[in-house]
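Engineer: Can you read through this structure? Questions will come right after.
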2 protein chains.
Amino acid sequence: VYDTEAYGKMLAIDNMIMCTERDEAHYHEMISHPAMQIHGNPQKVLIIGGGDGGTAREVLKYPSLSQVTMVEIDETVIEASKKFLPSVACQFGNPKLDLKIGDGIDFVAKSPADTYDVIIVDGSDPEGPAKGLFSKEFWQNCKRCLKPEGIVVTQGESPMFQQNAFIELNQCLKDIFGAKNVHTSLFFATTYPSGMWSVQLSTKSGKHPVKNFDSEKARQFARDQGLHYYNEGLHIGAFQLPTFVKKMINEL
Amino acid sequence: VYDTEAYGKMLAIDNMIMCTERDEAHYHEMISHPAMQIHGNPQKVLIIGGGDGGTAREVLKYPSLSQVTMVEIDETVIEASKKFLPSVACQFGNPKLDLKIGDGIDFVAKSPADTYDVIIVDGSDPEGPAKGLFSKEFWQNCKRCLKPEGIVVTQGESPMFQQNAFIELNQCLKDIFGAKNVHTSLFFATTYPSGMWSVQLSTKSGKHPVKNFDSEKARQFARDQGLHYYNEGLHIGAFQLPTFVKKMINEL
């Protein structure tokens, strides 16, 4: 954890910036709220990774929830975040949070079918322990664990910086969920390389993130919760991709 | 001009990155096409700055044009771009381009009223010769030079990096054009600090960039011209701002 002049406290793992106090909300809101809003009534949510606690913080804003299971492989990340990033790691004491220290890849492999409404894969780049988060087997298990109306969402790498990982992940998701059911959004990740980062969202039911979106409900939620980045207009805007990104993932 | 591994040739002025071969289209398309498309039938265009030639290249894609006047203060930028960035500086020989070497601030001060359909201010940050591009007097002169249906657009700095310049410019434009007639869009400027950059657009007629937008016309134009970044969905998406940006400019 570094203390920076412009971005406040900054968490880095293996020399890669994970989050900073100043801009963490961009990432944590954009990996959580589009999926939660599209689902409409999420009760059971699974977070893979997310050790800093920011994704759990966002997800726990939904009163419909009965339980959030979070599986983080590295307890040190949680401890460091509790100590140095208290505004991010602020919900570890929430009684709805079931925190497990372990391998998320094993966890979904052993989870029963039809269990979760939303699965959020909040892991790092495809190196080291996160490599398996980019495998076909992992995504097949995620699909199996989802309820029929379920949605799975993942940080999707960058079309500018991690172009191959971005494309391969998209292709893998389309192979499993069907090309029409995989949707890419972009947001300003101002402390990630290039600043242009994606979230890739797959639906089991075929729900469309823009066509089946309740804009008024999202507007009220964002306002009542005092969100920093996400709002109902941005939800729609984030799924509008530049032409070169569409071409990369065969959507043109 | 530097030769980089990941972004090709890169033009820097006073230690600030101006453009790179790999991502210059993001900036040049987003400073040009939203304004040109919203206007609908631009015939006379004025570019202030834009020495690398990228903005002139985009604007000259419109067959409706009769003349593009470009006023660049620094001939060295043009010469360096012609030599090292030929894919950007590719339209300096176009007979519709009237290139003037001089001070754009003086130029608009001396220009007759009701002259231009679109004015594009493609200058650098508010330091040195570009400082006057952020003054009230300059924007009043721009407004005067615009035809009644005219639109003026400027690189609008970054809400993350140049927060004060971004806010002050927005306030200045709203004072002159009226708060309802100033519209901010964002795009991924992947080689600018934070990667989150704005274009601020002001209309003299009150035309709304999303409500008065001909999506089908923009779709055809982007496709026929083989644009890299801009398309009709992105046009709408770019004007959807994150909540913290809306707050900064009193739009929430």
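By order in the structure tokens, chains are A, B, ...; within a chain, residues start at 1; ligands start at 1, following the order shown.
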Please list as a tab-separated table (two decimals) with N, CA, C and O atoms, in the first residue's frame every residue within 7 Å of B:Tyr229, counting only C-alpha atoms and excluding residues in the same chain fewer than 5 positions away.

Structural biologist:
```tsv
chain	number	residue	atom	x	y	z
A	242	PRO	N	-16.55	1.99	-28.80
A	242	PRO	CA	-15.89	2.54	-29.99
A	242	PRO	C	-15.79	1.47	-31.08
A	242	PRO	O	-15.72	0.26	-30.78
A	243	THR	N	-15.75	1.93	-32.32
A	243	THR	CA	-15.76	1.01	-33.46
A	243	THR	C	-14.59	0.01	-33.41
A	243	THR	O	-14.79	-1.18	-33.68
A	244	PHE	N	-13.40	0.47	-33.07
A	244	PHE	CA	-12.26	-0.47	-33.09
A	244	PHE	C	-12.42	-1.57	-32.03
A	244	PHE	O	-11.92	-2.68	-32.22
B	25	ALA	N	-6.72	8.80	-33.30
B	25	ALA	CA	-8.07	8.83	-33.86
B	25	ALA	C	-9.13	9.06	-32.77
B	25	ALA	O	-10.15	9.69	-33.03
B	26	HIS	N	-8.90	8.57	-31.56
B	26	HIS	CA	-9.88	8.78	-30.48
B	26	HIS	C	-10.14	10.28	-30.33
B	26	HIS	O	-11.27	10.75	-30.35
B	29	GLU	N	-11.30	12.17	-33.85
B	29	GLU	CA	-12.70	11.88	-34.23
B	29	GLU	C	-13.68	12.49	-33.22
B	29	GLU	O	-14.71	13.02	-33.61
```

Engineer: For chain B, report every residue with an atom at most 7 Å from chain A (counting only C-alpha atoms), formatted as a VMD selection string.

Structural biologist: chain B and resid 188 190 to 191 194 to 196 228 to 231 233 to 234 236 to 238 240 to 244

Engineer: Taking all heavy atoms for each residue, export the selection above as a compact mmCIF listing (two decimals), in the first residue's frame.

Structural biologist:
```
# COMPACT_ATOMS: atom_id res chain seq x y z
N PHE B 188 -11.92 8.09 -24.30
CA PHE B 188 -10.72 7.45 -23.78
C PHE B 188 -9.49 8.00 -24.50
O PHE B 188 -9.21 7.61 -25.64
CB PHE B 188 -10.80 5.94 -23.94
CG PHE B 188 -11.86 5.31 -23.07
CD1 PHE B 188 -13.12 5.02 -23.57
CD2 PHE B 188 -11.59 5.02 -21.74
CE1 PHE B 188 -14.10 4.46 -22.76
CE2 PHE B 188 -12.56 4.45 -20.92
CZ PHE B 188 -13.81 4.16 -21.44
N THR B 190 -6.09 7.57 -24.31
CA THR B 190 -5.30 6.56 -23.59
C THR B 190 -3.86 6.98 -23.34
O THR B 190 -3.18 6.33 -22.54
CB THR B 190 -5.36 5.20 -24.31
OG1 THR B 190 -4.83 5.35 -25.63
CG2 THR B 190 -6.80 4.71 -24.40
N THR B 191 -3.39 8.04 -24.00
CA THR B 191 -2.02 8.51 -23.72
C THR B 191 -2.00 9.90 -23.07
O THR B 191 -0.96 10.54 -23.01
CB THR B 191 -1.17 8.53 -25.01
OG1 THR B 191 -1.88 9.22 -26.04
CG2 THR B 191 -0.90 7.11 -25.49
N SER B 194 -4.40 10.22 -16.92
CA SER B 194 -5.64 9.60 -16.41
C SER B 194 -6.45 8.88 -17.49
O SER B 194 -7.31 8.06 -17.18
CB SER B 194 -6.54 10.59 -15.66
OG SER B 194 -7.40 11.28 -16.56
N GLY B 195 -6.23 9.20 -18.76
CA GLY B 195 -6.97 8.53 -19.83
C GLY B 195 -8.40 9.00 -20.00
O GLY B 195 -9.12 8.54 -20.89
N MET B 196 -8.82 9.92 -19.15
CA MET B 196 -10.21 10.40 -19.15
C MET B 196 -10.20 11.85 -19.59
O MET B 196 -9.78 12.72 -18.82
CB MET B 196 -10.75 10.28 -17.73
CG MET B 196 -12.20 10.63 -17.55
SD MET B 196 -12.67 10.39 -15.81
CE MET B 196 -14.45 10.24 -15.98
N HIS B 228 -12.54 4.99 -36.99
CA HIS B 228 -11.89 4.06 -36.07
C HIS B 228 -12.59 4.02 -34.71
O HIS B 228 -12.69 2.97 -34.08
CB HIS B 228 -10.44 4.53 -35.88
CG HIS B 228 -9.62 3.70 -34.95
ND1 HIS B 228 -9.14 2.45 -35.29
CD2 HIS B 228 -9.18 3.92 -33.68
CE1 HIS B 228 -8.44 1.95 -34.28
NE2 HIS B 228 -8.46 2.81 -33.28
N TYR B 229 -13.08 5.17 -34.24
CA TYR B 229 -13.58 5.28 -32.86
C TYR B 229 -15.07 5.67 -32.83
O TYR B 229 -15.87 5.02 -32.19
CB TYR B 229 -12.75 6.34 -32.14
CG TYR B 229 -12.97 6.42 -30.63
CD1 TYR B 229 -12.14 5.71 -29.77
CD2 TYR B 229 -13.97 7.20 -30.08
CE1 TYR B 229 -12.32 5.78 -28.39
CE2 TYR B 229 -14.16 7.27 -28.70
CZ TYR B 229 -13.33 6.57 -27.86
OH TYR B 229 -13.49 6.63 -26.50
N TYR B 230 -15.42 6.74 -33.56
CA TYR B 230 -16.77 7.32 -33.48
C TYR B 230 -17.81 6.47 -34.21
O TYR B 230 -17.59 6.01 -35.31
CB TYR B 230 -16.74 8.72 -34.10
CG TYR B 230 -18.09 9.42 -34.17
CD1 TYR B 230 -18.57 10.15 -33.10
CD2 TYR B 230 -18.88 9.34 -35.31
CE1 TYR B 230 -19.80 10.80 -33.16
CE2 TYR B 230 -20.12 9.98 -35.39
CZ TYR B 230 -20.57 10.70 -34.30
OH TYR B 230 -21.78 11.34 -34.36
N ASN B 231 -18.97 6.31 -33.58
CA ASN B 231 -20.13 5.73 -34.26
C ASN B 231 -21.39 6.29 -33.58
O ASN B 231 -21.30 7.03 -32.59
CB ASN B 231 -20.09 4.19 -34.23
CG ASN B 231 -20.03 3.63 -32.82
OD1 ASN B 231 -20.92 3.90 -32.00
ND2 ASN B 231 -18.99 2.86 -32.52
N GLY B 233 -23.82 5.03 -31.80
CA GLY B 233 -24.11 4.66 -30.41
C GLY B 233 -23.17 5.38 -29.46
O GLY B 233 -23.58 5.91 -28.42
N LEU B 234 -21.91 5.42 -29.85
CA LEU B 234 -20.90 6.08 -29.03
C LEU B 234 -21.18 7.59 -28.90
O LEU B 234 -20.89 8.19 -27.86
CB LEU B 234 -19.52 5.88 -29.66
CG LEU B 234 -18.41 6.31 -28.75
CD1 LEU B 234 -18.01 5.17 -27.86
CD2 LEU B 234 -17.23 6.84 -29.51
N ILE B 236 -24.01 9.06 -28.56
CA ILE B 236 -24.94 9.22 -27.44
C ILE B 236 -24.25 8.85 -26.12
O ILE B 236 -24.35 9.56 -25.12
CB ILE B 236 -26.20 8.38 -27.69
CG1 ILE B 236 -26.96 9.00 -28.88
CG2 ILE B 236 -27.09 8.33 -26.44
CD1 ILE B 236 -28.04 8.13 -29.46
N GLY B 237 -23.52 7.76 -26.14
CA GLY B 237 -22.84 7.29 -24.93
C GLY B 237 -21.85 8.30 -24.37
O GLY B 237 -21.73 8.46 -23.15
N ALA B 238 -21.15 9.01 -25.27
CA ALA B 238 -20.09 9.93 -24.82
C ALA B 238 -20.64 11.09 -24.00
O ALA B 238 -19.93 11.67 -23.17
CB ALA B 238 -19.32 10.45 -26.03
N GLN B 240 -23.02 10.80 -21.81
CA GLN B 240 -23.53 10.28 -20.53
C GLN B 240 -22.40 10.33 -19.51
O GLN B 240 -21.47 9.53 -19.58
CB GLN B 240 -24.04 8.84 -20.69
CG GLN B 240 -24.97 8.62 -21.89
CD GLN B 240 -26.19 9.51 -21.86
OE1 GLN B 240 -26.77 9.75 -20.80
NE2 GLN B 240 -26.58 10.01 -23.03
N LEU B 241 -22.46 11.25 -18.59
CA LEU B 241 -21.33 11.49 -17.69
C LEU B 241 -21.47 10.74 -16.36
O LEU B 241 -22.58 10.61 -15.83
CB LEU B 241 -21.23 12.99 -17.40
CG LEU B 241 -21.13 13.90 -18.61
CD1 LEU B 241 -21.08 15.37 -18.15
CD2 LEU B 241 -19.91 13.58 -19.47
N PRO B 242 -20.32 10.31 -15.81
CA PRO B 242 -20.35 9.77 -14.44
C PRO B 242 -20.88 10.83 -13.47
O PRO B 242 -20.71 12.04 -13.71
CB PRO B 242 -18.88 9.47 -14.14
CG PRO B 242 -18.22 9.35 -15.47
CD PRO B 242 -18.97 10.28 -16.39
N THR B 243 -21.46 10.37 -12.40
CA THR B 243 -22.10 11.28 -11.44
C THR B 243 -21.11 12.31 -10.87
O THR B 243 -21.45 13.50 -10.77
CB THR B 243 -22.74 10.45 -10.31
OG1 THR B 243 -23.72 9.60 -10.92
CG2 THR B 243 -23.41 11.33 -9.27
N PHE B 244 -19.89 11.90 -10.55
CA PHE B 244 -18.96 12.87 -9.95
C PHE B 244 -18.59 13.97 -10.94
O PHE B 244 -18.31 15.10 -10.53
CB PHE B 244 -17.71 12.19 -9.38
CG PHE B 244 -16.66 11.80 -10.38
CD1 PHE B 244 -15.56 12.61 -10.62
CD2 PHE B 244 -16.75 10.61 -11.08
CE1 PHE B 244 -14.57 12.26 -11.54
CE2 PHE B 244 -15.78 10.24 -12.00
CZ PHE B 244 -14.69 11.06 -12.23
```

Engineer: How many Å separate atom CA of B:Ala113 from atom CA of B:Lys147?

Structural biologist: 7.5 Å

Engineer: For each of A:Asp98, A:Val1, A:Tyr27, A:Cys145, take the minimum atom-to-atom distance to A:Lys82, counting only C-alpha atoms, then give the residue where this is smallest.

Structural biologist: A:Val1

Engineer: Can you check which residues of stretch 4-233 of chain A DSSP gives as strand (DSSP E or B) on the backbone and send them as a PyMOL selection string?

Structural biologist: chain A and resi 4+8-13+16-20+44-49+67-72+97-101+116-122+146-155+182-188+196-203

Engineer: In Å to one decimal, how far is atom CA of A:Pro126 from atom CA of A:Ile78?

Structural biologist: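 Atom CA of A:Pro126 lies 20.4 Å from atom CA of A:Ile78.
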
Engineer: Name all residues at most 9 Å from B:Gly50 (count only C-alpha atoms; drop same-chain ones fewer than 5 positions away) and give them as a ChimeraX atom specification.

Structural biologist: /B:55-56,70-72,78,120-123

Engineer: With only C-alpha atoms as the counted atoms, please give the residues lying no more than 10 Å from B:Lys44, apart from itself and same-chain residues fewer than 3 positions off, as a compact mmCIF listing (two decimals) with N, CA and C atoms, in the first residue's frame.

Structural biologist:
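Dumped to out31.txt:
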```txt
# COMPACT_ATOMS: atom_id res chain seq x y z
N ASN B 41 -25.09 20.18 -41.60
CA ASN B 41 -24.73 20.66 -42.94
C ASN B 41 -23.63 21.72 -42.86
N SER B 64 -20.09 18.25 -47.68
CA SER B 64 -20.84 19.51 -47.64
C SER B 64 -19.93 20.72 -47.50
N LEU B 65 -18.68 20.52 -47.10
CA LEU B 65 -17.77 21.62 -46.81
C LEU B 65 -17.41 22.46 -48.02
N SER B 66 -17.35 23.77 -47.82
CA SER B 66 -16.76 24.60 -48.87
C SER B 66 -15.33 25.01 -48.48
N GLN B 67 -15.09 25.29 -47.21
CA GLN B 67 -13.75 25.70 -46.80
C GLN B 67 -13.47 25.40 -45.33
N VAL B 68 -12.24 24.96 -45.08
CA VAL B 68 -11.75 24.82 -43.71
C VAL B 68 -10.60 25.79 -43.52
N THR B 69 -10.77 26.72 -42.59
CA THR B 69 -9.67 27.63 -42.25
C THR B 69 -9.00 27.08 -41.01
N LYS B 96 -9.40 22.56 -50.24
CA LYS B 96 -10.40 23.20 -49.37
C LYS B 96 -9.79 23.73 -48.07
N THR B 115 -19.80 33.96 -39.45
CA THR B 115 -18.97 33.43 -40.53
C THR B 115 -18.90 31.90 -40.57
N TYR B 116 -18.80 31.27 -39.41
CA TYR B 116 -18.50 29.83 -39.39
C TYR B 116 -19.69 28.99 -38.90
N ASP B 117 -19.78 27.79 -39.48
CA ASP B 117 -20.77 26.82 -39.01
C ASP B 117 -20.27 26.08 -37.78
N VAL B 118 -18.99 25.71 -37.84
CA VAL B 118 -18.37 24.98 -36.74
C VAL B 118 -17.00 25.57 -36.47
N ILE B 119 -16.70 25.82 -35.21
CA ILE B 119 -15.34 26.22 -34.79
C ILE B 119 -14.81 25.12 -33.89
N LEU B 146 -19.60 32.76 -35.03
CA LEU B 146 -20.45 31.64 -35.42
C LEU B 146 -21.70 32.13 -36.12
N LYS B 147 -22.16 31.37 -37.11
CA LYS B 147 -23.49 31.61 -37.69
C LYS B 147 -24.56 31.25 -36.65
N GLY B 150 -24.56 27.83 -35.50
CA GLY B 150 -23.19 27.37 -35.30
C GLY B 150 -22.93 26.64 -33.99
```

Engineer: Give me, as a short mmCIF file (atom, residue, chain, number, x, y, z; two decimals) with N, CA, C and O atoms, in the first residue's frame, all polymer residues having an atom no more than 12 Å from A:Asp3, counting only C-alpha atoms and skipping those fewer than 3 positions away in the same chain.

Structural biologist:
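out-v5.cif, written as the output of this step:
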```
data_model
loop_
_atom_site.label_atom_id
_atom_site.label_comp_id
_atom_site.auth_asym_id
_atom_site.auth_seq_id
_atom_site.Cartn_x
_atom_site.Cartn_y
_atom_site.Cartn_z
N ALA A 6 -1.70 12.38 -5.45
CA ALA A 6 -2.89 12.70 -6.25
C ALA A 6 -4.05 11.74 -6.05
O ALA A 6 -5.20 12.09 -6.31
N TYR A 7 -3.79 10.50 -5.63
CA TYR A 7 -4.85 9.49 -5.59
C TYR A 7 -5.08 8.89 -4.20
O TYR A 7 -5.81 7.92 -4.07
N GLY A 8 -4.44 9.45 -3.19
CA GLY A 8 -4.62 8.89 -1.84
C GLY A 8 -3.93 7.54 -1.71
O GLY A 8 -3.00 7.24 -2.46
N LYS A 9 -4.40 6.71 -0.78
CA LYS A 9 -3.80 5.39 -0.58
C LYS A 9 -4.00 4.53 -1.83
O LYS A 9 -5.08 4.56 -2.45
N MET A 10 -2.97 3.74 -2.15
CA MET A 10 -3.01 2.92 -3.36
C MET A 10 -2.57 1.50 -3.03
O MET A 10 -1.50 1.32 -2.46
N LEU A 11 -3.40 0.54 -3.38
CA LEU A 11 -3.07 -0.87 -3.15
C LEU A 11 -2.49 -1.48 -4.42
O LEU A 11 -3.10 -1.37 -5.50
N ALA A 12 -1.30 -2.08 -4.31
CA ALA A 12 -0.68 -2.75 -5.45
C ALA A 12 -0.39 -4.20 -5.08
O ALA A 12 -0.04 -4.50 -3.94
N CYS A 19 -6.16 -0.76 -6.67
CA CYS A 19 -7.12 0.33 -6.52
C CYS A 19 -6.50 1.50 -5.75
O CYS A 19 -5.48 1.34 -5.08
N THR A 20 -7.10 2.66 -5.92
CA THR A 20 -6.69 3.84 -5.16
C THR A 20 -7.95 4.43 -4.53
O THR A 20 -9.06 4.26 -5.04
N GLU A 21 -7.74 5.13 -3.44
CA GLU A 21 -8.90 5.74 -2.75
C GLU A 21 -9.68 6.67 -3.67
O GLU A 21 -10.90 6.72 -3.63
N ARG A 22 -8.95 7.41 -4.51
CA ARG A 22 -9.63 8.44 -5.30
C ARG A 22 -10.50 7.87 -6.41
O ARG A 22 -11.56 8.43 -6.70
N PHE A 84 -5.50 -0.11 5.82
CA PHE A 84 -5.11 1.12 5.11
C PHE A 84 -6.20 1.72 4.22
O PHE A 84 -6.11 2.87 3.82
N LEU A 85 -7.20 0.93 3.88
CA LEU A 85 -8.27 1.43 2.99
C LEU A 85 -9.64 1.22 3.66
O LEU A 85 -10.51 0.54 3.11
#
```

Engineer: What gap, in Å, lies between atom CA of B:Gln140 and atom CA of B:Asp114?

Structural biologist: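 So the answer is 12.6 Å.
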
Engineer: When distances are computed from only C-alpha atoms, which of A:Leu252, A:Leu201, A:Val210, A:Met18 shows the smallest separation from A:Ser81?

Structural biologist: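 Closest candidate: A:Met18.
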
Engineer: Could you check the closest approach to B:Lys83 for each of B:Gly53, B:Lys204, B:Val59, B:Ala35 and tell me which residue wins, using only C-alpha atoms?

Structural biologist: B:Gly53

Engineer: Do a neighbour search on B:Ser135 at 9 Å with only C-alpha atoms, toss out local chain neighbours closer than 4 positions, and write the hits as a PyMOL selection string.

Structural biologist: chain B and resi 131+139-140+169+172

Engineer: Give me a file of those residues, with all heavy atoms, as a PDB file, in the first residue's frame.

Structural biologist:
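Result file selection_9.pdb:
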```pdb
ATOM      1  N   LYS B 131      -2.935  29.805 -23.252  1.00  0.00           N
ATOM      2  CA  LYS B 131      -3.638  30.340 -22.078  1.00  0.00           C
ATOM      3  C   LYS B 131      -4.879  31.158 -22.475  1.00  0.00           C
ATOM      4  O   LYS B 131      -5.937  31.032 -21.871  1.00  0.00           O
ATOM      5  CB  LYS B 131      -2.677  31.203 -21.252  1.00  0.00           C
ATOM      6  CG  LYS B 131      -3.023  31.185 -19.781  1.00  0.00           C
ATOM      7  CD  LYS B 131      -1.981  31.882 -18.913  1.00  0.00           C
ATOM      8  CE  LYS B 131      -2.491  31.936 -17.478  1.00  0.00           C
ATOM      9  NZ  LYS B 131      -1.575  32.707 -16.607  1.00  0.00           N
ATOM     10  N   TRP B 139     -13.863  33.349 -26.051  1.00  0.00           N
ATOM     11  CA  TRP B 139     -15.119  32.627 -26.292  1.00  0.00           C
ATOM     12  C   TRP B 139     -16.228  33.551 -26.775  1.00  0.00           C
ATOM     13  O   TRP B 139     -17.083  33.150 -27.568  1.00  0.00           O
ATOM     14  CB  TRP B 139     -15.537  31.849 -25.039  1.00  0.00           C
ATOM     15  CG  TRP B 139     -14.581  30.725 -24.809  1.00  0.00           C
ATOM     16  CD1 TRP B 139     -13.633  30.620 -23.836  1.00  0.00           C
ATOM     17  CD2 TRP B 139     -14.414  29.572 -25.643  1.00  0.00           C
ATOM     18  NE1 TRP B 139     -12.892  29.480 -24.000  1.00  0.00           N
ATOM     19  CE2 TRP B 139     -13.356  28.809 -25.103  1.00  0.00           C
ATOM     20  CE3 TRP B 139     -15.053  29.107 -26.799  1.00  0.00           C
ATOM     21  CZ2 TRP B 139     -12.921  27.610 -25.669  1.00  0.00           C
ATOM     22  CZ3 TRP B 139     -14.624  27.903 -27.356  1.00  0.00           C
ATOM     23  CH2 TRP B 139     -13.575  27.175 -26.796  1.00  0.00           C
ATOM     24  N   GLN B 140     -16.189  34.801 -26.302  1.00  0.00           N
ATOM     25  CA  GLN B 140     -17.156  35.774 -26.833  1.00  0.00           C
ATOM     26  C   GLN B 140     -16.912  36.011 -28.318  1.00  0.00           C
ATOM     27  O   GLN B 140     -17.854  36.082 -29.109  1.00  0.00           O
ATOM     28  CB  GLN B 140     -17.055  37.093 -26.049  1.00  0.00           C
ATOM     29  CG  GLN B 140     -17.938  37.065 -24.804  1.00  0.00           C
ATOM     30  CD  GLN B 140     -17.564  38.116 -23.781  1.00  0.00           C
ATOM     31  OE1 GLN B 140     -16.436  38.618 -23.776  1.00  0.00           O
ATOM     32  NE2 GLN B 140     -18.487  38.417 -22.885  1.00  0.00           N
ATOM     33  N   LEU B 169     -13.357  26.205 -17.486  1.00  0.00           N
ATOM     34  CA  LEU B 169     -13.728  26.299 -18.894  1.00  0.00           C
ATOM     35  C   LEU B 169     -15.233  26.087 -19.052  1.00  0.00           C
ATOM     36  O   LEU B 169     -15.912  26.833 -19.774  1.00  0.00           O
ATOM     37  CB  LEU B 169     -12.947  25.249 -19.696  1.00  0.00           C
ATOM     38  CG  LEU B 169     -13.295  25.119 -21.170  1.00  0.00           C
ATOM     39  CD1 LEU B 169     -13.002  26.428 -21.915  1.00  0.00           C
ATOM     40  CD2 LEU B 169     -12.492  23.985 -21.807  1.00  0.00           C
ATOM     41  N   CYS B 172     -17.077  29.139 -17.844  1.00  0.00           N
ATOM     42  CA  CYS B 172     -16.884  30.240 -18.806  1.00  0.00           C
ATOM     43  C   CYS B 172     -17.803  30.056 -20.019  1.00  0.00           C
ATOM     44  O   CYS B 172     -18.486  30.997 -20.440  1.00  0.00           O
ATOM     45  CB  CYS B 172     -15.412  30.270 -19.213  1.00  0.00           C
ATOM     46  SG  CYS B 172     -15.002  31.508 -20.435  1.00  0.00           S
TER      47      CYS B 172
END
```

Engineer: If you run DSSP on the backbone, which residues of stretch 105-144 of chain A are alpha helix (DSSP H), as a list in words?

Structural biologist: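 Put together, the selection reads Ile105, Asp106, Phe107, Val108, Ala109, Lys110, Lys136, Glu137, Phe138, Trp139, Gln140, Asn141, Cys142, Lys143 and Arg144 of chain A.
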
Engineer: Under the rule that only C-alpha atoms are counted, which of B:Pro86, B:Gly54, B:Pro209, B:Pro63 is the nearest residue to B:Val153?

Structural biologist: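 Checking each of B:Pro86, B:Gly54, B:Pro209, B:Pro63 against B:Val153, counting only C-alpha atoms, the winner is B:Pro209.
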
Engineer: For A:Gly178, list every protein, DNA or RNA residue within 10 Å, evaluated using only C-alpha atoms, and leave out those in the same chain fewer than 4 positions away; present the list as a list in words.

Structural biologist: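 Contacts, in chain order: Gln171, Cys172, Leu173, Lys174, Val182, Ser202, Thr203, Lys204 and Gly206 of chain A.
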